[in-house]
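Enquirer: Dropping a structure here in structure tokens format, bear with me for questions.
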Amino acid sequence: MTDALVVFTPSGKRGRFASGTPVLAAARQLGVDLDSVCGGRGICGRCQIGAAQALTPPNAVEARYAAKRDLAPDRRLGCQACVQGDTVIDVPADSQVHRQVVRKDASSRPMVMDPATRLYLLEVAEPDMHEPSGDFERLARALREQWDISGLQPDIQVLQELQPALREGGWRVTVAVHRGHRDPTPRLTGIWPGFHAQGAFGLAIDLGSTTIAAHLTDLTDGSVRTAAGVMNPQIRFGEDLMSRVSFAMMTPGGAAQMTAAVRTALADLATDLARDAGIAACSVLEAVVVCNPVMHHLLLGLDPVELGQAPFALATSGALEGAARDFGLGGIAPGARAYLLPCIAGHVGADAAAVALSEAPERSRDLVLVVDVGTNAEILLGNTTRVLACSSPTGPAFEGAQISAGQRAAPGAIERVRIDPVTKAPRFRVIGCELWSDDPAFPADQPVTGICGSGIIEAVAEMRMAGLVDASGLIGSAEQTGTARCLPEGRTHSYLLHDGTDRGGPRIAVTQGDIRAIQLAKSALYAGARLLMDDFGVDRVDRVVLAGAFGAHVSALHALVLGMIPDVAVERVTSAGNAAGTGARMALCSRDARAEVERLVGRIHKVETAIEPRFQEHFVAANALPHATAPFDGLRAHTPLPDLSFNRAAPGADGRRRRRAPA
Ligand code: FES
């Protein structure tokens, strides 16, 4: 009898096999990507294939699996179904080890699952008086014989669980094995008696100076089980990075205190996430961390003092891979591994590397500027020819700090603002309420507590568009602007957004000081971008990607009116969501992504803003709204800006409103 022709789709791999060959065995011989954790015992269900012709009928093992777990009528277990004749077998995406995960966010680079940690079910030989060997050695032999993985290395913490697990499982155990992208030595990172049905998980952590966000991710399919964010407790040692470095410099044991605080917060966050998802902490077997250089050092227990002064030397800029406990990461499996993305330079951290991994400027045909704004702005500029990066000290104004009525983005904060260009009356939306404040249904008792980062950015830009603020950033008087909302405050003016004092709430106004704070922050951001454009030898970029919470909440138009970013058509500005967090998840799910980010960081040219004299020039010119010398034609074609000056001392100024045709 001739062998049967078996064709696998979608790979197209084909071969001839004797009748009776299990589909899983045929797939393995041909190198078809068909998953398995239980090694063909009909337990894990990972080997599912589409029902096909010329296979043996469903057997008792499949019936048992279908009764206990879910097996769709058009699915078979590849380890049980055997070939009986010529057939075409479909391997669905969820049965592929290296399945492609299509990302939901704006950037469309798909991610291929290739996690460093995988689970294997093993039958381990029992100890024998006549052939003395350790339990670990017999387990390593089983892994070699049953899964063709040689050279397993123990982890002392996991060894402590090994003997009880083997005996409880009747010598059948599930092991978690980690193989890194640079060091493929297999390491035992977890062990469970019998089949561990819960699966393997990882944490992607975006450790920011203000907030810490983490995504608990399934290492089988890359799906996020749950996510949460907490404030970084180091805030009590200093709002921004440099004040934390100063705290470390001035306070004996200060760095250690900050290290302990962030490690405790991370362990608590991991514990909470696992509990919320109903997952045992011991199933969380990996963590990937992205952070700025100061957070990087403080997490690892390294003194950040050198990062506070030129030449901003990092203790190490390379990626780090090791036992999670050595990184100070608790609340997860004792044998878990951790990976820290590489830093780009002393001021440009692993968070920027994660943004680069996620947004892939090196693959962009057109010239893309990627801006990730937190307390520091991380800026990347590049295309397929090269990529440049810098960090710019924008300060916390974009997050609502240093603003008279500023507050963090929380319920009650004004987050959107519109100002009528004729009546100069404002309307706004607050976090926690879908309605605009001029909607008749806007609740009278809605708390309005302050203004957050996106709110102040929109407020200042709207004031500029409505002719309440001139190009130099000066707020006009009531007489100059024609609205009684512009009130004198000392020698300057402020613009009243909301007066809640009659209901015991605050009076929320945009003051001249607020505008100055926003001007300083936006000038730093623009100057950083402009410096990269100088190095690239260009005057324009083709498109701008706004990353992070900033990108998600700030409209392109308002960012352009303020001149936060270089002039570009409004529709060429897109938001990338939490790109640093996405980069962390990519590195968590794929060893290839880790290799790629390390290659990419080696290719990125760093521009140091702190020592670059042109930075100051660009900073000064960027102080105007939108800019003193750059024409911003693209913006003006779309949104004409009033050309006026409120400066009474300016030559020709006579105190009256000066209004010319819109530019
Ligand atoms: Fe586990 Fe088939 S390989 S059920």
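Chain labels A, B, ... are given in the sequence in which chains occur in the structure tokens; within each chain residues are numbered consecutively from 1, and ligands are likewise numbered from 1 in the order shown.
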At most 7 Å is the cut-off: for each residue in chain A with any atom that close to an atom of ligand 1, write down the nearest atom pair and the distance in Å rounded to one decimal, counting only C-alpha atoms and all ligand atoms, chain first then increasing number, as a tab-separated table.
Expert:
```
residue	atom	partner	partner_atom_place_in_ligand_line	distance
A:Ser36	CA	ligand 1	3 (S)	4.2
A:Val37	CA	ligand 1	1 (Fe)	5.5
A:Cys38	CA	ligand 1	1 (Fe)	4.2
A:Gly39	CA	ligand 1	3 (S)	4.9
A:Gly40	CA	ligand 1	3 (S)	3.7
A:Arg41	CA	ligand 1	1 (Fe)	5.4
A:Gly42	CA	ligand 1	4 (S)	3.4
A:Ile43	CA	ligand 1	4 (S)	4.4
A:Cys44	CA	ligand 1	1 (Fe)	3.9
A:Gly45	CA	ligand 1	4 (S)	3.8
A:Arg46	CA	ligand 1	1 (Fe)	5.4
A:Cys47	CA	ligand 1	2 (Fe)	4.6
A:Gln48	CA	ligand 1	2 (Fe)	6.9
A:Leu77	CA	ligand 1	2 (Fe)	5.3
A:Gly78	CA	ligand 1	2 (Fe)	5.7
A:Cys79	CA	ligand 1	2 (Fe)	4.3
A:Gln80	CA	ligand 1	2 (Fe)	6.7
```
Enquirer: Emit the selected residues as a PDB file, in the first residue's frame, including N, CA and C atoms.
Expert:
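Listing of selection29.pdb after writing:
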```pdb
ATOM      1  N   SER A  36       1.747  21.784  21.281  1.00  0.00           N
ATOM      2  CA  SER A  36       1.472  20.671  22.176  1.00  0.00           C
ATOM      3  C   SER A  36       2.144  20.970  23.509  1.00  0.00           C
ATOM      4  N   VAL A  37       1.414  20.757  24.601  1.00  0.00           N
ATOM      5  CA  VAL A  37       2.042  20.871  25.922  1.00  0.00           C
ATOM      6  C   VAL A  37       2.127  19.491  26.556  1.00  0.00           C
ATOM      7  N   CYS A  38       1.134  18.631  26.238  1.00  0.00           N
ATOM      8  CA  CYS A  38       1.075  17.335  26.921  1.00  0.00           C
ATOM      9  C   CYS A  38       1.801  16.237  26.150  1.00  0.00           C
ATOM     10  N   GLY A  39       2.363  16.574  24.994  1.00  0.00           N
ATOM     11  CA  GLY A  39       3.147  15.579  24.266  1.00  0.00           C
ATOM     12  C   GLY A  39       2.296  14.479  23.665  1.00  0.00           C
ATOM     13  N   GLY A  40       1.051  14.769  23.328  1.00  0.00           N
ATOM     14  CA  GLY A  40       0.232  13.788  22.620  1.00  0.00           C
ATOM     15  C   GLY A  40      -0.595  12.915  23.526  1.00  0.00           C
ATOM     16  N   ARG A  41      -0.827  13.372  24.765  1.00  0.00           N
ATOM     17  CA  ARG A  41      -1.586  12.540  25.697  1.00  0.00           C
ATOM     18  C   ARG A  41      -3.079  12.888  25.709  1.00  0.00           C
ATOM     19  N   GLY A  42      -3.474  13.779  24.848  1.00  0.00           N
ATOM     20  CA  GLY A  42      -4.905  14.112  24.776  1.00  0.00           C
ATOM     21  C   GLY A  42      -5.395  14.911  25.964  1.00  0.00           C
ATOM     22  N   ILE A  43      -4.503  15.652  26.618  1.00  0.00           N
ATOM     23  CA  ILE A  43      -4.882  16.393  27.824  1.00  0.00           C
ATOM     24  C   ILE A  43      -4.943  17.894  27.568  1.00  0.00           C
ATOM     25  N   CYS A  44      -3.955  18.429  26.827  1.00  0.00           N
ATOM     26  CA  CYS A  44      -3.809  19.892  26.774  1.00  0.00           C
ATOM     27  C   CYS A  44      -4.730  20.554  25.744  1.00  0.00           C
ATOM     28  N   GLY A  45      -5.089  19.847  24.694  1.00  0.00           N
ATOM     29  CA  GLY A  45      -5.969  20.416  23.682  1.00  0.00           C
ATOM     30  C   GLY A  45      -5.308  21.443  22.783  1.00  0.00           C
ATOM     31  N   ARG A  46      -3.986  21.587  22.883  1.00  0.00           N
ATOM     32  CA  ARG A  46      -3.301  22.608  22.079  1.00  0.00           C
ATOM     33  C   ARG A  46      -3.084  22.175  20.632  1.00  0.00           C
ATOM     34  N   CYS A  47      -3.278  20.872  20.361  1.00  0.00           N
ATOM     35  CA  CYS A  47      -2.913  20.336  19.054  1.00  0.00           C
ATOM     36  C   CYS A  47      -4.111  20.301  18.107  1.00  0.00           C
ATOM     37  N   GLN A  48      -5.124  21.104  18.392  1.00  0.00           N
ATOM     38  CA  GLN A  48      -6.365  20.999  17.613  1.00  0.00           C
ATOM     39  C   GLN A  48      -6.151  21.335  16.144  1.00  0.00           C
ATOM     40  N   LEU A  77      -8.400  16.433  17.794  1.00  0.00           N
ATOM     41  CA  LEU A  77      -7.100  16.533  18.464  1.00  0.00           C
ATOM     42  C   LEU A  77      -6.063  15.914  17.525  1.00  0.00           C
ATOM     43  N   GLY A  78      -5.081  16.708  17.153  1.00  0.00           N
ATOM     44  CA  GLY A  78      -4.071  16.243  16.191  1.00  0.00           C
ATOM     45  C   GLY A  78      -3.237  15.082  16.711  1.00  0.00           C
ATOM     46  N   CYS A  79      -3.182  14.950  18.045  1.00  0.00           N
ATOM     47  CA  CYS A  79      -2.374  13.847  18.581  1.00  0.00           C
ATOM     48  C   CYS A  79      -3.151  12.535  18.571  1.00  0.00           C
ATOM     49  N   GLN A  80      -4.478  12.589  18.388  1.00  0.00           N
ATOM     50  CA  GLN A  80      -5.289  11.378  18.401  1.00  0.00           C
ATOM     51  C   GLN A  80      -5.726  10.957  16.994  1.00  0.00           C
TER      52      GLN A  80
END
```
Enquirer: What residues in region 379-409 of chain A get the DSSP label strand (DSSP E or B)? Please answer as a ChimeraX atom specification.
Expert: /A:379-382,387-392,406
Enquirer: So which residues touch Ala319 (chain A) within 8 Å, counting only C-alpha atoms, skipping near sequence neighbours fewer than 5 positions away, as a compact mmCIF listing (two decimals) with all heavy atoms, in the first residue's frame?
Expert:
```txt
# COMPACT_ATOMS: atom_id res chain seq x y z
N TYR A 339 13.14 40.42 32.04
CA TYR A 339 13.90 41.03 30.94
C TYR A 339 13.69 42.53 30.99
O TYR A 339 12.55 43.00 31.11
CB TYR A 339 13.42 40.47 29.59
CG TYR A 339 14.09 41.08 28.39
CD1 TYR A 339 15.41 40.73 28.07
CD2 TYR A 339 13.43 41.99 27.58
CE1 TYR A 339 16.04 41.29 26.96
CE2 TYR A 339 14.06 42.55 26.46
CZ TYR A 339 15.37 42.20 26.17
OH TYR A 339 16.00 42.75 25.08
N LEU A 340 14.78 43.26 30.96
CA LEU A 340 14.71 44.73 30.96
C LEU A 340 15.23 45.19 29.61
O LEU A 340 16.36 44.84 29.23
CB LEU A 340 15.61 45.25 32.07
CG LEU A 340 15.12 46.48 32.77
CD1 LEU A 340 14.36 46.06 34.03
CD2 LEU A 340 16.25 47.37 33.19
N LEU A 341 14.44 45.94 28.89
CA LEU A 341 14.86 46.40 27.57
C LEU A 341 16.09 47.30 27.70
O LEU A 341 16.32 47.90 28.75
CB LEU A 341 13.72 47.19 26.88
CG LEU A 341 12.78 46.34 26.03
CD1 LEU A 341 11.91 45.47 26.90
CD2 LEU A 341 11.91 47.21 25.12
N PRO A 342 16.88 47.42 26.64
CA PRO A 342 18.08 48.27 26.72
C PRO A 342 17.71 49.74 26.78
O PRO A 342 16.66 50.15 26.29
CB PRO A 342 18.80 47.94 25.41
CG PRO A 342 17.73 47.48 24.48
CD PRO A 342 16.71 46.79 25.33
N CYS A 343 18.60 50.53 27.38
CA CYS A 343 18.44 51.99 27.34
C CYS A 343 19.14 52.49 26.08
O CYS A 343 20.12 51.89 25.62
CB CYS A 343 19.07 52.63 28.57
SG CYS A 343 18.17 52.31 30.09
N GLU A 598 17.18 45.07 20.60
CA GLU A 598 18.60 45.23 20.91
C GLU A 598 19.37 45.67 19.67
O GLU A 598 20.26 46.51 19.74
CB GLU A 598 19.16 43.92 21.49
CG GLU A 598 18.58 43.65 22.87
CD GLU A 598 18.93 42.27 23.42
OE1 GLU A 598 19.90 41.65 22.95
OE2 GLU A 598 18.19 41.81 24.31
```
Enquirer: Wanna dump the region 593-620 of chain A-region 568-585 of chain A contacts at 10 Å for me, each residue with its shortest atom pair and the distance in Å to one decimal, counting only C-alpha atoms, ordered by chain and number, as a Markdown table?
Expert:
```
| residue | atom | partner | partner_atom | distance |
| --- | --- | --- | --- | --- |
| A:Ala593 | CA | A:Gly583 | CA | 8.7 |
| A:Arg594 | CA | A:Ala584 | CA | 9.5 |
| A:Val597 | CA | A:Gly583 | CA | 9.1 |
```
Enquirer: How many Å lie between CA of Glu608 (chain A) and CA of Phe398 (chain A), rounded to one decimal?
Expert: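 That distance, rounded to one decimal, is 21.8 Å.
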Enquirer: Would you work out the distance separating CA of Gln157 (chain A) from CA of Arg337 (chain A), expressed in Å to one decimal?
Expert: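 CA of Arg337 (chain A) lies at a distance of 12.0 Å from CA of Gln157 (chain A).
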Enquirer: With distances taken over only C-alpha atoms, which residue among A:Ile457, A:Leu329, A:Val305, A:Leu487 lies nearest Thr251 (chain A)?
Expert: A:Val305
Enquirer: Between CA of Leu381 (chain A) and CA of Gly208 (chain A), what is the distance in Å, rounded to a tenth?
Expert: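 Straight-line distance from CA of Leu381 (chain A) to CA of Gly208 (chain A) works out to 21.9 Å.
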Enquirer: Can you pull out the residues contacting Val294 (chain A)? Cut-off 12 Å, using only C-alpha atoms, and skip same-chain residues under 3 positions away; I want them as a VMD selection string.
Expert: chain A and resid 207 to 209 234 240 to 246 248 255 258 to 259 290 to 291 297 to 308 312 to 317 343 345 to 351 376
Enquirer: Find the spatial neighbours of Trp436 (chain A), counting only C-alpha atoms, within a cut-off of 12 Å - ignore same-chain residues fewer than 5 positions away - and output them as a list in words.
Expert: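 The residues satisfying every condition are Ile414, Glu415, Arg416, Val417, Arg418, Pro426, Arg427, Phe428, Arg429, Val430, Ile431, Ala441, Phe442, Pro443 and Gln446 of chain A.
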Enquirer: Would you mind exporting N, CA and C atoms of the selected residues as an mmCIF file, in the first residue's frame?
Expert:
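After the write, again_33.cif holds the following:
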```cif
data_model
loop_
_atom_site.group_PDB
_atom_site.id
_atom_site.type_symbol
_atom_site.label_atom_id
_atom_site.label_comp_id
_atom_site.auth_asym_id
_atom_site.auth_seq_id
_atom_site.Cartn_x
_atom_site.Cartn_y
_atom_site.Cartn_z
ATOM 1 N N ILE A 414 -11.147 69.021 34.379
ATOM 2 C CA ILE A 414 -11.499 69.473 33.030
ATOM 3 C C ILE A 414 -10.484 68.877 32.060
ATOM 4 N N GLU A 415 -10.994 68.147 31.059
ATOM 5 C CA GLU A 415 -10.063 67.499 30.120
ATOM 6 C C GLU A 415 -10.205 68.022 28.689
ATOM 7 N N ARG A 416 -11.349 68.593 28.359
ATOM 8 C CA ARG A 416 -11.555 69.172 27.027
ATOM 9 C C ARG A 416 -12.081 70.587 27.198
ATOM 10 N N VAL A 417 -11.663 71.481 26.328
ATOM 11 C CA VAL A 417 -12.118 72.874 26.408
ATOM 12 C C VAL A 417 -12.392 73.381 25.000
ATOM 13 N N ARG A 418 -13.469 74.102 24.830
ATOM 14 C CA ARG A 418 -13.749 74.815 23.584
ATOM 15 C C ARG A 418 -14.131 76.244 23.949
ATOM 16 N N PRO A 426 -16.460 79.891 27.315
ATOM 17 C CA PRO A 426 -15.903 78.538 27.271
ATOM 18 C C PRO A 426 -16.978 77.481 27.498
ATOM 19 N N ARG A 427 -16.724 76.304 27.020
ATOM 20 C CA ARG A 427 -17.479 75.130 27.455
ATOM 21 C C ARG A 427 -16.441 74.043 27.627
ATOM 22 N N PHE A 428 -16.741 73.067 28.467
ATOM 23 C CA PHE A 428 -15.711 72.056 28.771
ATOM 24 C C PHE A 428 -16.351 70.724 29.114
ATOM 25 N N ARG A 429 -15.499 69.724 29.135
ATOM 26 C CA ARG A 429 -15.933 68.408 29.609
ATOM 27 C C ARG A 429 -15.021 67.994 30.745
ATOM 28 N N VAL A 430 -15.597 67.326 31.743
ATOM 29 C CA VAL A 430 -14.776 66.863 32.854
ATOM 30 C C VAL A 430 -14.703 65.335 32.818
ATOM 31 N N ILE A 431 -13.641 64.822 33.379
ATOM 32 C CA ILE A 431 -13.486 63.364 33.441
ATOM 33 C C ILE A 431 -14.601 62.806 34.335
ATOM 34 N N ALA A 441 -28.410 69.157 29.935
ATOM 35 C CA ALA A 441 -28.465 68.020 30.858
ATOM 36 C C ALA A 441 -27.204 67.905 31.723
ATOM 37 N N PHE A 442 -26.243 68.829 31.539
ATOM 38 C CA PHE A 442 -25.018 68.776 32.357
ATOM 39 C C PHE A 442 -25.424 68.925 33.823
ATOM 40 N N PRO A 443 -25.073 67.933 34.685
ATOM 41 C CA PRO A 443 -25.593 67.964 36.060
ATOM 42 C C PRO A 443 -25.096 69.191 36.829
ATOM 43 N N GLN A 446 -22.395 68.399 39.260
ATOM 44 C CA GLN A 446 -21.196 67.725 38.763
ATOM 45 C C GLN A 446 -19.950 68.396 39.372
#
```
Enquirer: Which residue, A:Leu380, A:Val620, A:Val561, A:Ile611, has the smallest gap to Leu532 (chain A) when you use only C-alpha atoms?
Expert: A:Leu380
Enquirer: If you count only C-alpha atoms, which residues fall within 8 Å of Val91 (chain A), apart from same-chain ones fewer than 5 positions away, as JSON, numbers by chain?
Expert: {"A": [8, 9, 10, 34, 48, 49, 50, 96]}
Enquirer: Now that the selection is made, can you save its residues with C-alpha atoms as a compact mmCIF listing (two decimals), in the first residue's frame?
Expert:
```txt
# COMPACT_ATOMS: atom_id res chain seq x y z
CA PHE A 8 -0.97 21.04 5.91
CA THR A 9 -2.55 24.45 5.47
CA PRO A 10 -1.88 27.33 5.74
CA LEU A 34 1.36 22.68 15.64
CA GLN A 48 -6.36 21.00 17.61
CA ILE A 49 -6.77 20.73 13.84
CA GLY A 50 -9.69 21.22 11.52
CA GLN A 96 0.14 27.43 16.13
```
Enquirer: Using only C-alpha atoms, find the one residue out of A:Val448, A:Val510, A:Leu367, A:Val88 that sits nearest to Val460 (chain A).
Expert: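 Checking each candidate against Val460 (chain A), we get A:Val510 as the closest.
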Enquirer: Neighbouring residues of region 468-472 of chain A were defined as those with any atom within 7 Å, considering only C-alpha atoms; residues of the same chain fewer than 2 positions away were excluded. Please report them as number ranges by chain.
Expert: A: 463-464, 466, 474-476, 481, 624-626, 644-646
Enquirer: Taking into account only C-alpha atoms, which residue in the set A:Arg69, A:Arg591, A:Arg491, A:Arg225 is nearest to Arg179 (chain A)?
Expert: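 Looking only at the distances to Arg179 (chain A), the closest residue turns out to be A:Arg591.
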Enquirer: From a backbone DSSP assignment, name each residue in region 466-512 of chain A labelled helix (DSSP H, G or I), as a ChimeraX atom specification.
Expert: /A:478-481,501-503,512
Enquirer: Emit the selected residues as a PDB file, in the first residue's frame, including N, CA, C and O atoms.
Expert:
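part-v3.pdb, written as the output of this step:
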```
ATOM      1  N   ALA A 478      -9.778  92.682  29.479  1.00  0.00           N
ATOM      2  CA  ALA A 478     -11.188  92.629  29.080  1.00  0.00           C
ATOM      3  C   ALA A 478     -11.419  93.574  27.906  1.00  0.00           C
ATOM      4  O   ALA A 478     -12.125  93.251  26.949  1.00  0.00           O
ATOM      5  N   GLU A 479     -10.800  94.716  27.976  1.00  0.00           N
ATOM      6  CA  GLU A 479     -10.977  95.720  26.923  1.00  0.00           C
ATOM      7  C   GLU A 479     -10.377  95.214  25.603  1.00  0.00           C
ATOM      8  O   GLU A 479     -10.981  95.357  24.526  1.00  0.00           O
ATOM      9  N   GLN A 480      -9.199  94.623  25.691  1.00  0.00           N
ATOM     10  CA  GLN A 480      -8.527  94.152  24.471  1.00  0.00           C
ATOM     11  C   GLN A 480      -9.234  92.956  23.841  1.00  0.00           C
ATOM     12  O   GLN A 480      -9.226  92.788  22.628  1.00  0.00           O
ATOM     13  N   THR A 481      -9.817  92.105  24.681  1.00  0.00           N
ATOM     14  CA  THR A 481     -10.383  90.862  24.155  1.00  0.00           C
ATOM     15  C   THR A 481     -11.901  90.944  23.985  1.00  0.00           C
ATOM     16  O   THR A 481     -12.491  90.123  23.296  1.00  0.00           O
ATOM     17  N   THR A 501     -17.427  78.679  42.954  1.00  0.00           N
ATOM     18  CA  THR A 501     -17.380  79.096  44.369  1.00  0.00           C
ATOM     19  C   THR A 501     -18.765  79.159  45.007  1.00  0.00           C
ATOM     20  O   THR A 501     -18.906  78.925  46.200  1.00  0.00           O
ATOM     21  N   ASP A 502     -19.803  79.436  44.184  1.00  0.00           N
ATOM     22  CA  ASP A 502     -21.142  79.516  44.781  1.00  0.00           C
ATOM     23  C   ASP A 502     -21.614  78.152  45.262  1.00  0.00           C
ATOM     24  O   ASP A 502     -22.530  78.050  46.076  1.00  0.00           O
ATOM     25  N   ARG A 503     -21.000  77.081  44.775  1.00  0.00           N
ATOM     26  CA  ARG A 503     -21.370  75.735  45.245  1.00  0.00           C
ATOM     27  C   ARG A 503     -20.241  75.121  46.074  1.00  0.00           C
ATOM     28  O   ARG A 503     -20.134  73.901  46.210  1.00  0.00           O
ATOM     29  N   GLN A 512      -1.641  83.918  33.584  1.00  0.00           N
ATOM     30  CA  GLN A 512      -0.465  84.174  32.751  1.00  0.00           C
ATOM     31  C   GLN A 512       0.661  83.194  33.100  1.00  0.00           C
ATOM     32  O   GLN A 512       1.389  82.718  32.235  1.00  0.00           O
TER      33      GLN A 512
END
```
